[in-house]
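A.B. asks: Before anything else, here's the structure in question.
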Amino acid sequence: MLLWLLLLLILGDSFLGVTLKAFFLLNPPWSTNFHKDKMTLTCRGSLSLPQGDISWYYNENLLNKKSEEIQIDKTGYYKCKTQRSSLSDPIHVDFSLDKLTLQAPDSVFEGDEVVLRCQARGEAKEIHFYRNEYQIQPNFTLKSVSRNDDKYHCSALIRGFWGWKKENSKHLSIQIQELFPPPMLISRPSSPTEGSPVTLKCETWLPPQRSDIQLRFCFFRKDEALGSGWNSSPELELPTVWSEDAESYWCQAETVTSRIRKRSLRSQLYVQRIPVSDVNLEIQPPEGQLTEGENLLLICSVAKGTGTVTFSWHREGTVRSLGRKTQRSLSAELQILTVKESDAGRYYCAADNIHGPILSKLVRVTLSIPVSRPVLTVMSPRMKAMVGDVVELHCESQSGSPPILYRFYHENVTLGSSSVPSGRAAFKFSLTVEHSGNYSCEAENSLGVQRSDRVILSVTVPVSHPVVTFSPAGTEAVVGDVLELRCEAQRGSPPILYWFYYKNVTLGSREAPFGGGASFNLTLMAEHSGNFSCGADNGLGVQHSEMVILSIIGPPSNKTSLVTEGVTAGLLSILGLAATAALVHHFRTQRNSGNPREFQEPSGTSNTNPQEPLDPVQLQPVYDNVNPRDSDLVYSEIWSTQHTKENSANSPRKHREDKEPTVIYSDVKRAYPDDSAGQASIGDSDLEDAAENYENVPCILSALDH
């Protein structure tokens, strides 16, 4: 209560807009006394401040007294007034002539403990107290008196001249004053703005006579207690109030001891809302320059506005918002993670606190996009690129911030470069043989370089005119020689197919799968004199060589050549005679065992009907006359015959032999040209012996087929 005392000292007799009344102090403190008793009245406007001149009233008449205290002995109503207070309430003082009187304190407040005293003139006994005619305990002390209309009196036996006599006092109504008025709730400011603090005050006061009584207070919104509940402070501060806090408020005040509790009326708190204004959108990083893959932070703020604000973010050209937040603040943030190319554009935000959305200005967001891996394509006028064709290289990245610099490479050697604001770049060049190989390209912008995959380009070179050569070299050759024809084109993409011609007649072909030339071997005959040529083809057209003339001449006649050929022929004859002797011995053994064979002449005297043409299977020439270089060995024709059903009956051969073909060898003669002595030395007997060495020899069909 020190605060209240301080307020009383500062404000004086005027407190909280109410002028305090003057009050009395009685000594003795009873309003009822016996006749001829004296009482001292003291008039006070406050407890400590100087009072000045005092005005006294007795039964509404002003007394000619100015002092603070007066003595009285007359029954009646008294009032007083100080210079700084209003007129006090009247106090009734009774100077009674009765033998018995009930005394009570003059100044009684709610909750006071009241002591009633029954006073008698003379000796008294059997004193009793009554309230509303009902006896109550003697020596009764009223506690926590409340304001009511109860009537009190007392009775006692008083000794008189004639002995003890019962006397009753007059009825007494105890004048109970209000300890403190019902509090009044005051808010400062009375109409707060959203987001601002508000102080609630539960305003009441205690009379100066009871300034030592402690009060405590509690504040309510609707029916919910605020703060920590009961508190000794008559004020409660709300740090911030919002529109939803606009409710009815009230408070209670009570004494700490006697529990006198009073409540205020309900008071409506009106909270003002300030509309949002000056909406601004800020972008991080500043200037709205981002690299693809970074995070974009959008900050929406308002300069003014109270209460709950709803923020929303938008990109121009889109219907749906990017995000929305509702909160009690003047700014809010929205983060877009890992921005991509489609996130570029102009952004704005909106703020609304029920008064309608307010939009910010548009802010542009640009993205720097690293180039993607480019794709290299080769544009050729035909399926197979040829020397001389104009080829166009295209290099393109599907994404990347312009400008983009493209570079073209052949085997990691730069061919050229081109910078384009958008799209692809091209590079043209005419093909040469050296342009075969690996091609690639690079795309570069301010954020890095990317290289394409390699593309292989094969340049197809048409074959040039081939050149045909002979090995051994020269324009003349001898019959029987093996001639190597060599055909080669100096350029041309492999594989190359070579054709060899004699008088425009194809001799054969050879392939060179890896390029270069090809050879064809030919055993020369006398009729091979003439023009030779060749052709080369790699799929792009045939090129022919120039014709080369070759002359074929006869065998050499010198002695050395004859001796060499004679030795060769002799060796062959010896081998042939040895083989013939083995066969003759074999068949003679069979003939001695009873299996005779017929001998057929080389002239072909067989059982076959000469009028019928020979079947090519039944009669085929295996060897023709061969007389290389006039050799001394002469072979006659050898025929293979097969028995038919007609001659099978005349033949003594067995069934097994009927199925076997027969090889007939004719005479083999050896001549000695240029040696008449040697020829004459051979006798008839020798010829007969030689003739006898050959006869019909069976040959297995499989061997003949082979």
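Simple scheme: letters A, B, ... for chains in structure tokens order, numbers from 1 for residues in each chain, numbers from 1 for ligands in the order shown.
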Select from stretch 117-170 of chain A every residue with an atom at most 10 Å from any atom of stretch 33-41 of chain A, then for each give the shortest pair of atoms and their distance in Å to one decimal, using only C-alpha atoms, rows by chain and rising number, as a tab-separated table.
C.D. replies:
residue	atom	partner	partner_atom	distance
A:Gln119	CA	A:Asn33	CA	8.9
A:Ala120	CA	A:Phe34	CA	9.1
A:Arg121	CA	A:Phe34	CA	8.5
A.B. asks: Among stretch 373-519 of chain A, which ones does DSSP place in strand (DSSP E or B), written as a PyMOL selection string?
C.D. replies: chain A and resi 375-379+386+390-396+404-410+413-420+425-430+437-445+448-451+455-457+460+467-471+476-478+482-488+496-502+505-512+518-519
A.B. asks: How many Å separate atom CA of A:Ile354 from atom CA of A:Ser301?
C.D. replies: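 Going from atom CA of A:Ile354 over to atom CA of A:Ser301 covers 16.3 Å.
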A.B. asks: Just to confirm, what's the straight-line distance from atom CA of A:Glu527 to atom CA of A:Ser471 in Å (one decimal)?
C.D. replies: 18.7 Å
A.B. asks: Residues at most 8 Å from A:Thr377, counting only C-alpha atoms, excluding those fewer than 6 positions away in the same chain, as an MDAnalysis selection string?
C.D. replies: chainID A and resid 393:395 455
A.B. asks: I'd like the contact shell of A:Lys503 - 9 Å cut-off, only C-alpha atoms, skipping same-chain residues fewer than 6 positions apart - returned as a ChimeraX atom specification.
C.D. replies: /A:530-533,547
A.B. asks: Near stretch 459-462 of chain A, within 6 Å and counting only C-alpha atoms, which residues show up once chain neighbours fewer than 5 positions away are dropped, as a PDB file with N, CA and C atoms, in the first residue's frame?
C.D. replies:
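Wrote result-v8.pdb, looks like this:
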ATOM      1  N   ALA A 385      31.444 -40.710 -97.528  1.00  0.00           N
ATOM      2  CA  ALA A 385      32.094 -39.450 -97.886  1.00  0.00           C
ATOM      3  C   ALA A 385      33.295 -39.736 -98.773  1.00  0.00           C
ATOM      4  N   MET A 386      33.420 -38.931 -99.822  1.00  0.00           N
ATOM      5  CA  MET A 386      34.504 -39.122-100.781  1.00  0.00           C
ATOM      6  C   MET A 386      35.386 -37.884-100.790  1.00  0.00           C
ATOM      7  N   VAL A 387      36.569 -38.092-101.258  1.00  0.00           N
ATOM      8  CA  VAL A 387      37.494 -36.984-101.429  1.00  0.00           C
ATOM      9  C   VAL A 387      36.856 -35.957-102.352  1.00  0.00           C
ATOM     10  N   SER A 436      40.300 -38.345 -92.945  1.00  0.00           N
ATOM     11  CA  SER A 436      39.765 -39.510 -92.221  1.00  0.00           C
ATOM     12  C   SER A 436      40.272 -39.481 -90.783  1.00  0.00           C
ATOM     13  N   GLY A 492      43.390 -45.328-103.337  1.00  0.00           N
ATOM     14  CA  GLY A 492      42.058 -45.933-103.303  1.00  0.00           C
ATOM     15  C   GLY A 492      41.804 -46.574-101.953  1.00  0.00           C
ATOM     16  N   SER A 493      40.602 -46.383-101.457  1.00  0.00           N
ATOM     17  CA  SER A 493      40.262 -46.936-100.142  1.00  0.00           C
ATOM     18  C   SER A 493      40.027 -48.432-100.255  1.00  0.00           C
ATOM     19  N   LEU A 540      33.469 -47.678-105.982  1.00  0.00           N
ATOM     20  CA  LEU A 540      33.207 -46.334-106.491  1.00  0.00           C
ATOM     21  C   LEU A 540      33.468 -46.231-107.987  1.00  0.00           C
TER      22      LEU A 540
END
A.B. asks: Mind giving me the straight-line distance from atom CA of A:His128 to atom CA of A:Ser155 in Å, one decimal?
C.D. replies: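 Taking atom CA of A:His128 as the start and atom CA of A:Ser155 as the end point, the length is 5.2 Å.
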A.B. asks: Which residue, A:Val378, A:Pro286, A:Ser417, A:Asn168, has the smallest gap to A:Val363 when you use only C-alpha atoms?
C.D. replies: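 Of A:Val378, A:Pro286, A:Ser417, A:Asn168, the one nearest A:Val363 is A:Pro286, counting only C-alpha atoms.
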A.B. asks: Would you pick out the contacts of A:Ser191 at 10 Å or less, using only C-alpha atoms, so that residues sharing its chain but fewer than 4 positions from it are not included, and give the list as number ranges by chain?
C.D. replies: A: 187, 198, 246, 268-272
A.B. asks: Of the candidates A:Glu237, A:Asp343, A:Glu244, A:Glu133, which shows the shortest atom-to-atom distance to A:His314, using only C-alpha atoms?
C.D. replies: A:Asp343
A.B. asks: Need to verify the contact set: A:Leu337, 10 Å, only C-alpha atoms, exclusion of same-chain residues closer than 5 positions in sequence. Can you return it as a PyMOL selection string?
C.D. replies: chain A and resi 293-297
